[in-house]
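K.L.:
Supplied structure: upload.txt, compact mmCIF, C-alpha atoms.
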```txt
# COMPACT_ATOMS: atom_id res chain seq x y z
CA MET A 1 0.00 0.00 0.00
CA THR A 2 1.27 3.48 -0.94
CA GLU A 3 0.11 6.41 1.18
CA PRO A 4 -1.39 9.23 -0.93
CA PRO A 5 0.70 12.39 -0.59
CA ALA A 6 -0.60 15.19 1.59
CA PRO A 7 -2.21 18.01 -0.43
CA ARG A 8 0.76 20.33 0.12
CA ALA A 9 3.11 17.66 -1.29
CA ASN A 10 0.91 16.28 -4.08
CA PRO A 11 2.20 17.11 -7.59
CA ASP A 12 -0.85 15.63 -9.33
CA LEU A 13 -4.35 16.96 -9.88
CA PHE A 14 -7.00 14.88 -11.64
CA GLY A 15 -10.43 15.80 -12.94
CA HIS A 16 -10.28 19.55 -12.28
CA GLU A 17 -8.82 20.89 -15.50
CA ALA A 18 -11.62 23.46 -15.90
CA ALA A 19 -10.94 24.99 -12.48
CA GLU A 20 -7.22 25.10 -13.21
CA ARG A 21 -7.94 26.83 -16.51
CA ASP A 22 -10.16 29.42 -14.80
CA PHE A 23 -7.37 30.39 -12.43
CA LEU A 24 -4.79 30.51 -15.22
CA ASP A 25 -7.05 32.73 -17.30
CA ALA A 26 -7.38 35.15 -14.38
CA TRP A 27 -3.61 35.11 -13.83
CA ASN A 28 -2.80 35.66 -17.49
CA SER A 29 -5.33 38.50 -17.73
CA LYS A 30 -3.52 40.37 -14.90
CA ARG A 31 -6.86 40.67 -13.08
CA LEU A 32 -6.37 38.12 -10.35
CA ALA A 33 -8.96 38.14 -7.58
CA HIS A 34 -7.41 38.53 -4.14
CA ALA A 35 -9.50 35.69 -2.65
CA TRP A 36 -10.73 32.39 -4.08
CA LEU A 37 -13.30 30.03 -2.59
CA ILE A 38 -12.52 26.46 -3.67
CA SER A 39 -15.64 24.41 -2.96
CA GLY A 40 -16.92 20.88 -3.50
CA PRO A 41 -17.41 17.56 -1.69
CA LYS A 42 -14.76 16.27 0.69
CA GLY A 43 -11.86 14.25 -0.65
CA ILE A 44 -11.96 15.32 -4.31
CA GLY A 45 -8.78 17.43 -4.39
CA LYS A 46 -9.76 20.92 -3.22
CA ALA A 47 -6.80 21.33 -0.86
CA THR A 48 -4.52 19.78 -3.49
CA LEU A 49 -5.66 22.48 -5.93
CA ALA A 50 -5.19 25.20 -3.30
CA PHE A 51 -1.57 24.22 -2.70
CA ARG A 52 -1.02 23.82 -6.43
CA ILE A 53 -2.18 27.41 -6.89
CA ALA A 54 -0.08 28.58 -3.94
CA ARG A 55 3.10 27.01 -5.36
CA PHE A 56 2.41 28.48 -8.79
CA VAL A 57 1.90 32.00 -7.43
CA LEU A 58 4.87 31.84 -5.04
CA ALA A 59 7.05 30.74 -7.96
CA GLY A 60 5.99 33.85 -9.87
CA GLY A 61 3.79 32.06 -12.36
CA GLY A 62 5.35 28.68 -12.81
CA GLU A 63 7.62 27.72 -15.62
CA GLY A 64 6.99 30.46 -18.15
CA GLY A 65 4.79 31.08 -21.14
CA GLY A 66 3.02 28.86 -23.61
CA LEU A 67 4.11 27.64 -27.00
CA PHE A 68 3.49 30.95 -28.75
CA GLY A 69 4.69 33.26 -26.01
CA GLY A 70 1.44 33.58 -24.04
CA GLY A 71 0.99 33.05 -20.34
CA PRO A 72 1.71 29.77 -18.53
CA GLU A 73 -0.50 26.84 -19.53
CA THR A 74 -0.39 24.84 -16.30
CA LEU A 75 -0.23 25.41 -12.58
CA ALA A 76 2.08 22.44 -12.12
CA LEU A 77 5.58 22.72 -10.67
CA PRO A 78 7.95 19.76 -10.75
CA PRO A 79 8.52 18.15 -7.33
CA ASP A 80 12.21 19.09 -7.44
CA HIS A 81 11.41 22.80 -7.83
CA PRO A 82 12.69 24.77 -4.79
CA VAL A 83 9.26 26.34 -4.16
CA PHE A 84 7.57 22.92 -4.34
CA ARG A 85 9.99 21.50 -1.79
CA ARG A 86 9.59 24.40 0.65
CA VAL A 87 5.80 24.37 0.44
CA ALA A 88 5.77 20.60 0.95
CA SER A 89 7.97 20.89 4.04
CA GLY A 90 6.04 23.84 5.49
CA GLY A 91 9.09 26.05 5.20
CA HIS A 92 8.10 28.75 2.72
CA ALA A 93 8.25 32.18 4.35
CA ASP A 94 5.49 33.65 2.16
CA LEU A 95 2.91 30.92 2.78
CA ALA A 96 0.69 30.60 5.85
CA VAL A 97 -1.71 27.70 6.36
CA VAL A 98 -4.68 28.02 8.71
CA GLU A 99 -6.11 24.75 10.05
CA ARG A 100 -7.77 23.50 13.21
CA GLY A 101 -5.30 23.55 16.10
CA TRP A 102 -4.70 20.95 18.78
CA ALA A 103 -7.28 20.65 21.52
CA ASP A 104 -4.77 19.64 24.21
CA ASP A 105 -1.09 19.92 25.05
CA LYS A 106 -0.52 16.25 24.23
CA LYS A 107 -1.66 16.89 20.63
CA SER A 108 -3.91 13.85 20.80
CA ARG A 109 -6.92 15.42 19.09
CA LEU A 110 -7.81 18.47 17.04
CA ARG A 111 -10.23 21.18 18.06
CA ASN A 112 -13.66 21.13 16.46
CA ASP A 113 -13.24 24.68 15.14
CA ILE A 114 -10.74 27.12 13.73
CA VAL A 115 -10.71 29.81 16.43
CA ILE A 116 -9.73 33.46 16.55
CA ASP A 117 -6.19 32.69 17.71
CA ASP A 118 -5.65 30.59 14.56
CA VAL A 119 -6.42 33.51 12.23
CA ARG A 120 -5.41 36.51 14.33
CA GLY A 121 -2.14 37.07 12.47
CA VAL A 122 -3.46 36.59 8.92
CA GLY A 123 -3.90 40.29 8.18
CA ALA A 124 -0.47 41.22 9.52
CA PHE A 125 1.16 38.34 7.62
CA LEU A 126 -0.36 39.41 4.30
CA SER A 127 0.61 43.05 4.90
CA LEU A 128 4.30 42.24 5.21
CA THR A 129 6.58 42.66 2.24
CA PRO A 130 7.00 39.24 0.62
CA ALA A 131 10.26 37.68 1.74
CA GLU A 132 11.02 36.49 -1.78
CA GLY A 133 9.81 39.57 -3.64
CA GLY A 134 6.55 38.24 -5.08
CA TRP A 135 3.34 37.30 -3.29
CA ARG A 136 2.10 36.30 0.13
CA VAL A 137 -0.43 33.48 0.22
CA VAL A 138 -2.77 32.15 2.92
CA VAL A 139 -4.56 28.79 2.63
CA ILE A 140 -7.51 28.19 4.99
CA ASP A 141 -8.41 24.49 5.15
CA ALA A 142 -11.28 24.22 5.74
CA ALA A 143 -12.99 27.60 5.94
CA ASP A 144 -16.18 25.82 7.10
CA ASP A 145 -14.38 25.07 10.39
CA MET A 146 -14.07 28.73 11.36
CA ASN A 147 -16.20 29.80 14.30
CA ARG A 148 -17.98 33.14 14.21
CA ASN A 149 -15.11 35.18 15.67
CA ALA A 150 -12.55 33.62 13.33
CA ALA A 151 -14.82 34.18 10.33
CA ASN A 152 -15.29 37.85 11.22
CA ALA A 153 -11.52 38.31 11.54
CA VAL A 154 -11.00 36.80 8.08
CA LEU A 155 -13.79 38.98 6.70
CA LYS A 156 -11.94 42.12 7.79
CA VAL A 157 -8.92 41.01 5.77
CA LEU A 158 -11.09 40.25 2.74
CA GLU A 159 -12.66 43.72 2.94
CA GLU A 160 -9.28 45.48 2.73
CA PRO A 161 -6.85 43.09 1.03
CA PRO A 162 -3.19 44.13 0.83
CA ARG A 163 -1.41 44.27 -2.51
CA ASN A 164 0.12 41.06 -3.85
CA ALA A 165 -1.79 39.05 -1.26
CA LEU A 166 -3.80 35.95 -2.10
CA MET A 167 -6.24 34.02 0.11
CA LEU A 168 -7.38 30.51 -0.81
CA LEU A 169 -10.37 29.24 1.17
CA VAL A 170 -11.13 25.52 0.93
CA SER A 171 -14.80 24.76 1.65
CA HIS A 172 -16.78 21.52 1.77
CA SER A 173 -20.03 23.37 2.56
CA PRO A 174 -19.90 27.00 1.34
CA GLY A 175 -23.46 27.54 2.57
CA ARG A 176 -22.08 27.47 6.12
CA LEU A 177 -19.86 30.48 5.45
CA LEU A 178 -20.88 34.08 6.08
CA PRO A 179 -22.58 35.45 2.94
CA THR A 180 -20.20 38.42 3.10
CA ILE A 181 -17.22 36.06 2.91
CA ARG A 182 -18.69 34.25 -0.09
CA SER A 183 -19.43 37.53 -1.86
CA ARG A 184 -15.81 38.69 -1.56
CA CYS A 185 -14.32 35.56 -3.11
CA ARG A 186 -14.19 34.31 -6.63
CA ARG A 187 -15.62 30.78 -6.79
CA LEU A 188 -13.96 27.65 -8.08
CA ASN A 189 -16.61 24.95 -7.81
CA LEU A 190 -15.07 21.51 -8.08
CA LYS A 191 -17.20 18.56 -9.15
CA PRO A 192 -16.90 14.97 -7.89
CA LEU A 193 -14.35 12.88 -9.73
CA GLY A 194 -15.50 10.31 -12.26
CA GLU A 195 -15.58 6.69 -11.11
CA ALA A 196 -12.84 5.86 -13.60
CA VAL A 197 -10.57 8.51 -12.07
CA VAL A 198 -11.23 7.27 -8.53
CA ALA A 199 -10.56 3.69 -9.64
CA ARG A 200 -7.29 4.70 -11.29
CA LEU A 201 -6.12 6.46 -8.14
CA LEU A 202 -7.08 3.45 -6.01
CA GLU A 203 -5.03 1.24 -8.31
CA ARG A 204 -2.08 3.55 -7.72
CA TYR A 205 -2.36 3.79 -3.94
CA ARG A 206 -3.87 0.39 -3.16
CA PRO A 207 -2.33 -2.09 -5.61
CA ASP A 208 -3.18 -4.84 -3.11
CA LEU A 209 -6.89 -4.54 -3.89
CA ALA A 210 -8.64 -6.84 -6.35
CA GLY A 211 -10.20 -5.31 -9.45
CA ASP A 212 -13.78 -5.95 -8.30
CA ASP A 213 -13.03 -4.34 -4.94
CA ILE A 214 -11.57 -1.28 -6.63
CA ALA A 215 -14.68 -0.89 -8.80
CA ALA A 216 -16.96 -1.25 -5.77
CA LEU A 217 -14.96 1.23 -3.68
CA ALA A 218 -14.91 3.72 -6.56
CA ARG A 219 -18.72 3.60 -6.62
CA LEU A 220 -18.99 3.86 -2.84
CA GLY A 221 -16.66 6.85 -2.95
CA GLU A 222 -19.16 8.86 -5.00
CA GLY A 223 -16.48 10.81 -6.78
CA SER A 224 -14.23 11.24 -3.73
CA ILE A 225 -10.87 9.51 -3.71
CA GLY A 226 -10.54 10.57 -0.07
CA LYS A 227 -13.73 8.75 0.88
CA ALA A 228 -12.88 5.68 -1.22
CA ALA A 229 -9.38 5.43 0.25
CA ALA A 230 -10.73 5.82 3.80
CA LEU A 231 -13.29 3.06 3.21
CA ALA A 232 -10.54 0.81 1.88
CA ALA A 233 -8.38 1.48 4.94
CA GLU A 234 -11.25 0.94 7.40
CA GLY A 235 -12.61 -2.25 5.84
CA GLY A 236 -15.64 -0.34 4.62
CA LEU A 237 -16.32 -2.59 1.66
CA ASP A 238 -16.55 -5.71 3.83
CA LEU A 239 -18.86 -3.86 6.21
CA TYR A 240 -21.03 -2.77 3.30
CA ARG A 241 -21.24 -6.35 2.06
CA GLU A 242 -22.40 -7.40 5.53
CA VAL A 243 -25.07 -4.68 5.54
CA ILE A 244 -26.38 -5.82 2.14
CA ALA A 245 -26.28 -9.48 3.24
CA LEU A 246 -28.47 -8.60 6.23
CA LEU A 247 -30.88 -6.63 4.08
CA ALA A 248 -31.05 -9.44 1.50
CA ASP A 249 -33.30 -11.43 3.85
CA LEU A 250 -35.97 -8.72 3.92
CA PRO A 251 -38.86 -8.61 4.65
CA ARG A 252 -37.41 -10.71 7.48
CA LEU A 253 -34.10 -10.09 9.19
CA ASP A 254 -31.76 -12.78 10.44
CA VAL A 255 -31.98 -11.63 14.07
CA PRO A 256 -29.00 -13.61 15.47
CA ALA A 257 -26.81 -12.39 12.58
CA LEU A 258 -28.01 -8.82 13.10
CA HIS A 259 -27.19 -8.94 16.83
CA ALA A 260 -23.71 -10.33 16.13
CA PHE A 261 -23.09 -7.61 13.56
CA ALA A 262 -24.36 -4.85 15.87
CA ASP A 263 -22.20 -6.18 18.73
CA ARG A 264 -19.07 -5.81 16.61
CA ALA A 265 -19.98 -2.42 15.18
CA ALA A 266 -20.99 -0.96 18.54
CA ARG A 267 -17.93 -1.97 20.57
CA ALA A 268 -16.38 0.82 22.59
CA ASP A 269 -13.04 0.25 20.82
CA ALA A 270 -14.62 0.22 17.33
CA ASP A 271 -15.29 3.90 16.67
CA SER A 272 -14.14 3.59 13.08
CA ALA A 273 -16.43 0.61 12.37
CA TRP A 274 -19.38 2.34 14.03
CA ARG A 275 -18.90 5.52 12.01
CA THR A 276 -18.45 3.58 8.77
CA VAL A 277 -21.48 1.32 9.28
CA THR A 278 -23.83 4.18 10.15
CA GLU A 279 -22.61 6.29 7.23
CA LEU A 280 -22.98 3.38 4.81
CA LEU A 281 -26.48 2.45 5.97
CA GLY A 282 -27.59 6.08 5.76
CA TRP A 283 -26.00 6.37 2.31
CA TRP A 284 -27.76 3.22 1.12
CA LEU A 285 -31.13 4.50 2.30
CA ALA A 286 -30.48 7.83 0.56
CA ARG A 287 -29.75 5.92 -2.67
CA LEU A 288 -33.00 4.02 -2.20
CA VAL A 289 -34.93 7.28 -1.85
CA ARG A 290 -33.24 8.80 -4.91
CA ALA A 291 -34.00 5.69 -6.95
CA GLY A 292 -37.64 5.85 -5.81
CA GLY A 293 -37.83 9.47 -6.89
CA ARG A 294 -36.61 8.48 -10.35
CA GLY A 295 -39.04 5.64 -10.80
CA GLY A 296 -36.52 2.95 -9.92
CA GLU A 297 -33.69 4.28 -12.09
CA GLY A 298 -30.15 4.83 -10.84
CA MET A 299 -29.80 1.63 -8.84
CA ALA A 300 -26.36 0.66 -10.12
CA GLU A 301 -25.01 -2.06 -7.86
CA VAL A 302 -22.00 -1.67 -5.63
CA VAL A 303 -22.09 -5.33 -4.60
CA PRO A 304 -24.18 -8.18 -6.06
CA GLY A 305 -27.72 -8.49 -4.78
CA GLU A 306 -28.46 -4.97 -3.62
CA THR A 307 -30.51 -4.00 -6.68
CA ALA A 308 -32.95 -6.82 -5.93
CA VAL A 309 -33.28 -5.59 -2.34
CA MET A 310 -33.99 -2.03 -3.50
CA GLU A 311 -36.55 -3.20 -6.03
CA ARG A 312 -38.41 -5.24 -3.42
CA LEU A 313 -38.46 -2.33 -0.98
CA LEU A 314 -39.65 0.18 -3.57
CA SER A 315 -42.37 -2.17 -4.78
CA VAL A 316 -44.02 -2.34 -1.34
CA ALA A 317 -42.98 0.84 0.46
CA GLY A 318 -43.11 3.80 -1.89
CA LEU A 319 -41.07 6.98 -1.94
CA GLU A 320 -42.76 8.83 0.94
CA ARG A 321 -42.30 6.04 3.47
CA GLY A 322 -38.75 5.42 2.29
CA LEU A 323 -37.94 9.10 2.83
CA GLU A 324 -39.49 8.97 6.29
CA VAL A 325 -37.33 5.99 7.32
CA TRP A 326 -34.18 7.61 5.94
CA GLU A 327 -34.88 10.80 7.90
CA LYS A 328 -35.56 8.89 11.13
CA VAL A 329 -32.45 6.71 10.80
CA THR A 330 -30.24 9.68 9.98
CA ALA A 331 -31.58 11.63 12.97
CA LEU A 332 -31.16 8.61 15.24
CA PHE A 333 -27.50 8.13 14.33
CA ALA A 334 -26.83 11.85 14.77
CA ARG A 335 -28.19 11.69 18.33
CA VAL A 336 -26.21 8.64 19.43
CA ASP A 337 -22.96 10.39 20.29
CA ALA A 338 -24.60 13.73 21.08
CA VAL A 339 -26.64 12.33 23.97
CA ASN A 340 -24.71 9.10 24.60
CA LEU A 341 -27.34 6.66 23.34
CA ASP A 342 -26.62 2.94 23.26
CA ARG A 343 -24.94 2.24 19.93
CA LYS A 344 -26.09 -1.34 19.54
CA GLN A 345 -29.69 -0.48 20.30
CA ALA A 346 -29.58 2.40 17.82
CA LEU A 347 -28.27 0.11 15.08
CA LEU A 348 -30.90 -2.54 15.84
CA THR A 349 -33.60 0.13 15.77
CA ALA A 350 -32.40 1.34 12.36
CA PHE A 351 -32.45 -2.14 10.81
CA LEU A 352 -35.85 -2.89 12.32
CA ALA A 353 -37.19 0.31 10.80
CA VAL A 354 -36.05 -0.92 7.39
CA GLU A 355 -37.65 -4.30 8.11
CA ARG A 356 -40.99 -2.61 8.83
CA LEU A 357 -40.60 -0.67 5.60
CA ALA A 358 -40.13 -3.92 3.68
CA ARG A 359 -43.32 -5.40 5.13
CA GLY A 360 -45.40 -2.61 3.66
```
Turn this file's structure into structure tokens for me.
P.N.:
Amino acid sequence: MTEPPAPRANPDLFGHEAAERDFLDAWNSKRLAHAWLISGPKGIGKATLAFRIARFVLAGGGEGGGLFGGGPETLALPPDHPVFRRVASGGHADLAVVERGWADDKKSRLRNDIVIDDVRGVGAFLSLTPAEGGWRVVVIDAADDMNRNAANAVLKVLEEPPRNALMLLVSHSPGRLLPTIRSRCRRLNLKPLGEAVVARLLERYRPDLAGDDIAALARLGEGSIGKAAALAAEGGLDLYREVIALLADLPRLDVPALHAFADRAARADADSAWRTVTELLGWWLARLVRAGGRGGEGMAEVVPGETAVMERLLSVAGLERGLEVWEKVTALFARVDAVNLDRKQALLTAFLAVERLARG
């Protein structure tokens, strides 16, 4: 297994050529916006693009003009470029990265939010003369994590940007940002990657996986190599197969098998399995609802047998009841950790709700 490079050290960008072209066009026109909001689902390469842009700008525009003397045609820098190496190591004097800080002195877990102390120096940093004579760049990853005070501090910088200063805000959910922040940024909206792209990246980073597993994980990833890789690392595909095997017996559940599965997923030392199982079951129910809304279309299988389960459920339940079960299960899982509900009982309740749905 090969670990994917961190975004700041990743020389490759796949599936986002249009966004790269938009930035290059702005750069070549000499009318570069001072702030860019890079948005899209998690795990598709937003931070990778942000650091790719940062390296390009800090290098003064990359490796020169195009074939006929125009502006640069790519944001890419070779990994042996001095700017690439300094950005990758966190040692470039003109780049600041804002992320969630540590929640404790032992650095055992990150805070839930980006707080005011994390962004307090952004304005002063951007106002300094660039150490290497070009630009100063700030990457905020992810801007959605900023609490209200941090967001207001960043807004002040966006309202009065210094010269030769660039801010790159990575956002998974731009709707959570202050409207005034969104309005002061140029948008780069990144789309999910194609399944073929996700599969190709899985082949690169997980050559130990069988071809059928790669195809299934690429579909489960829904255009996110980050999600697909995490599922591969956490045994998500095997867990998904177990979920579908349990549902295959509907309208009756194999109760002993369900209890054994819930015991394993709900163990106190199995946080990863619990999170993965609940996300996968919620995702499967959402797919069921979407398929019901499209008259049964869009039920491409991840693993064998699940299309038959969906068809049986839709034939007896209908869209409205399917939506109701999905909403209840999603709300139930959200409350488990918030109010310390029993994990096993919550999982049993969710499966039993699906069983009732299957009985019409």
K.L.:
Leaving out Trp284 of chain A and any residue of its chain fewer than 6 positions from it, which residues lie within 10 Å of it when counting only C-alpha atoms, given as a list of chain:residue names?
P.N.:
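Residues meeting the cut-off are A:Leu220, A:Tyr240, A:Val243, A:Ile244, A:Thr278, A:Arg290, A:Glu306, A:Met310, A:Trp326.
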K.L.:
Show me a table, sorted first by chain and then by increasing residue number, of the residues of segment 168-247 of chain A having an atom at most 10 Å from segment 255-269 of chain A, each with its shortest atom pair and the distance in Å to one decimal, counting only C-alpha atoms and written as a Markdown table.
P.N.:
```
| residue | atom | partner | partner_atom | distance |
| --- | --- | --- | --- | --- |
| A:Leu239 | CA | A:Ala265 | CA | 9.2 |
| A:Glu242 | CA | A:Phe261 | CA | 8.1 |
| A:Val243 | CA | A:Phe261 | CA | 8.8 |
| A:Ala245 | CA | A:Ala257 | CA | 9.8 |
| A:Leu246 | CA | A:Leu258 | CA | 6.9 |
| A:Leu247 | CA | A:Leu258 | CA | 9.7 |
```
K.L.:
Can I get the residues of segment 91-178 of chain A within 12 Å of segment 37-54 of chain A, each with the closest pair of atoms and their distance in Å to one decimal, using all atoms listed in the file, sorted chain first then ascending number, as JSON lines?
P.N.:
```
{"residue": "A:His92", "atom": "CA", "partner": "A:Ala54", "partner_atom": "CA", "distance": 10.5}
{"residue": "A:Asp94", "atom": "CA", "partner": "A:Ala54", "partner_atom": "CA", "distance": 9.7}
{"residue": "A:Leu95", "atom": "CA", "partner": "A:Ala54", "partner_atom": "CA", "distance": 7.7}
{"residue": "A:Ala96", "atom": "CA", "partner": "A:Ala54", "partner_atom": "CA", "distance": 10.0}
{"residue": "A:Val97", "atom": "CA", "partner": "A:Phe51", "partner_atom": "CA", "distance": 9.7}
{"residue": "A:Val98", "atom": "CA", "partner": "A:Ala47", "partner_atom": "CA", "distance": 11.9}
{"residue": "A:Glu99", "atom": "CA", "partner": "A:Ala47", "partner_atom": "CA", "distance": 11.5}
{"residue": "A:Gly134", "atom": "CA", "partner": "A:Ala54", "partner_atom": "CA", "distance": 11.8}
{"residue": "A:Trp135", "atom": "CA", "partner": "A:Ala54", "partner_atom": "CA", "distance": 9.4}
{"residue": "A:Arg136", "atom": "CA", "partner": "A:Ala54", "partner_atom": "CA", "distance": 9.0}
{"residue": "A:Val137", "atom": "CA", "partner": "A:Ala54", "partner_atom": "CA", "distance": 6.4}
{"residue": "A:Val138", "atom": "CA", "partner": "A:Ala54", "partner_atom": "CA", "distance": 8.2}
{"residue": "A:Val139", "atom": "CA", "partner": "A:Ala50", "partner_atom": "CA", "distance": 7.0}
{"residue": "A:Ile140", "atom": "CA", "partner": "A:Ala47", "partner_atom": "CA", "distance": 9.0}
{"residue": "A:Asp141", "atom": "CA", "partner": "A:Ala47", "partner_atom": "CA", "distance": 7.0}
{"residue": "A:Ala142", "atom": "CA", "partner": "A:Ala47", "partner_atom": "CA", "distance": 8.5}
{"residue": "A:Ala143", "atom": "CA", "partner": "A:Leu37", "partner_atom": "CA", "distance": 8.9}
{"residue": "A:Asp144", "atom": "CA", "partner": "A:Ser39", "partner_atom": "CA", "distance": 10.2}
{"residue": "A:Leu158", "atom": "CA", "partner": "A:Leu37", "partner_atom": "CA", "distance": 11.7}
{"residue": "A:Ala165", "atom": "CA", "partner": "A:Ala54", "partner_atom": "CA", "distance": 10.9}
{"residue": "A:Leu166", "atom": "CA", "partner": "A:Ala54", "partner_atom": "CA", "distance": 8.5}
{"residue": "A:Met167", "atom": "CA", "partner": "A:Leu37", "partner_atom": "CA", "distance": 8.5}
{"residue": "A:Leu168", "atom": "CA", "partner": "A:Leu37", "partner_atom": "CA", "distance": 6.2}
{"residue": "A:Leu169", "atom": "CA", "partner": "A:Leu37", "partner_atom": "CA", "distance": 4.8}
{"residue": "A:Val170", "atom": "CA", "partner": "A:Ile38", "partner_atom": "CA", "distance": 4.9}
{"residue": "A:Ser171", "atom": "CA", "partner": "A:Ser39", "partner_atom": "CA", "distance": 4.7}
{"residue": "A:His172", "atom": "CA", "partner": "A:Pro41", "partner_atom": "CA", "distance": 5.3}
{"residue": "A:Ser173", "atom": "CA", "partner": "A:Ser39", "partner_atom": "CA", "distance": 7.1}
{"residue": "A:Pro174", "atom": "CA", "partner": "A:Ser39", "partner_atom": "CA", "distance": 6.6}
{"residue": "A:Gly175", "atom": "CA", "partner": "A:Ser39", "partner_atom": "CA", "distance": 10.1}
{"residue": "A:Arg176", "atom": "CA", "partner": "A:Ser39", "partner_atom": "CA", "distance": 11.5}
{"residue": "A:Leu177", "atom": "CA", "partner": "A:Leu37", "partner_atom": "CA", "distance": 10.4}
```
K.L.:
Write out as JSON an axis-aligned box for segment 15-25 of chain A: all of its atoms listed in the file, 5 Å added on each side, centre and edge lengths in Å with one decimal.
P.N.:
```
{"center_x": -8.2, "center_y": 24.3, "center_z": -14.8, "size_x": 16.8, "size_y": 26.9, "size_z": 15.0}
```
K.L.:
To one decimal place in Å, what is the distance between atom CA of Gly236 of chain A and atom CA of Tyr205 of chain A?
P.N.:
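Taking atom CA of Gly236 of chain A as the start and atom CA of Tyr205 of chain A as the end point, the length is 16.3 Å.
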K.L.:
Please measure the separation of atom CA of Ala153 of chain A and atom CA of Ile114 of chain A, giving the value in Å to one decimal.
P.N.:
11.4 Å
K.L.:
Point out the residue among A:Gly226, A:Gly15, A:Gly194, A:Gly60 with the least atom-to-atom distance to Glu3 of chain A, counting all atoms listed in the file.
P.N.:
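Nearest candidate to Glu3 of chain A out of A:Gly226, A:Gly15, A:Gly194, A:Gly60: A:Gly226.
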K.L.:
Hey, which of A:Arg85, A:Arg335, A:Arg200, A:Lys30 ends up closest to Phe14 of chain A? Count all atoms listed in the file.
P.N.:
A:Arg200
K.L.:
How many Å lie between atom CA of Ile225 of chain A and atom CA of Leu13 of chain A, rounded to one decimal?
P.N.:
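Atom CA of Ile225 of chain A sits 11.7 Å away from atom CA of Leu13 of chain A.
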K.L.:
Would you pick out the contacts of Leu77 of chain A at 12 Å or less, using all atoms listed in the file, so that residues sharing its chain but fewer than 3 positions from it are not included, and give the list as a ChimeraX atom specification?
P.N.:
/A:9-13,51-64,72-74,80-85,87-88
K.L.:
I need every residue sitting at most 10 Å from the point (-10.3, -2.1, -4.9) (coordinates as in the file, only C-alpha atoms considered), written as a count of residues only.
P.N.:
22
K.L.:
Could you check which of A:Leu128, A:Ala35, A:Ala103, A:Leu313 is closest to Ile181 of chain A, using all atoms listed in the file?
P.N.:
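Selected residue with least distance to Ile181 of chain A: A:Ala35.
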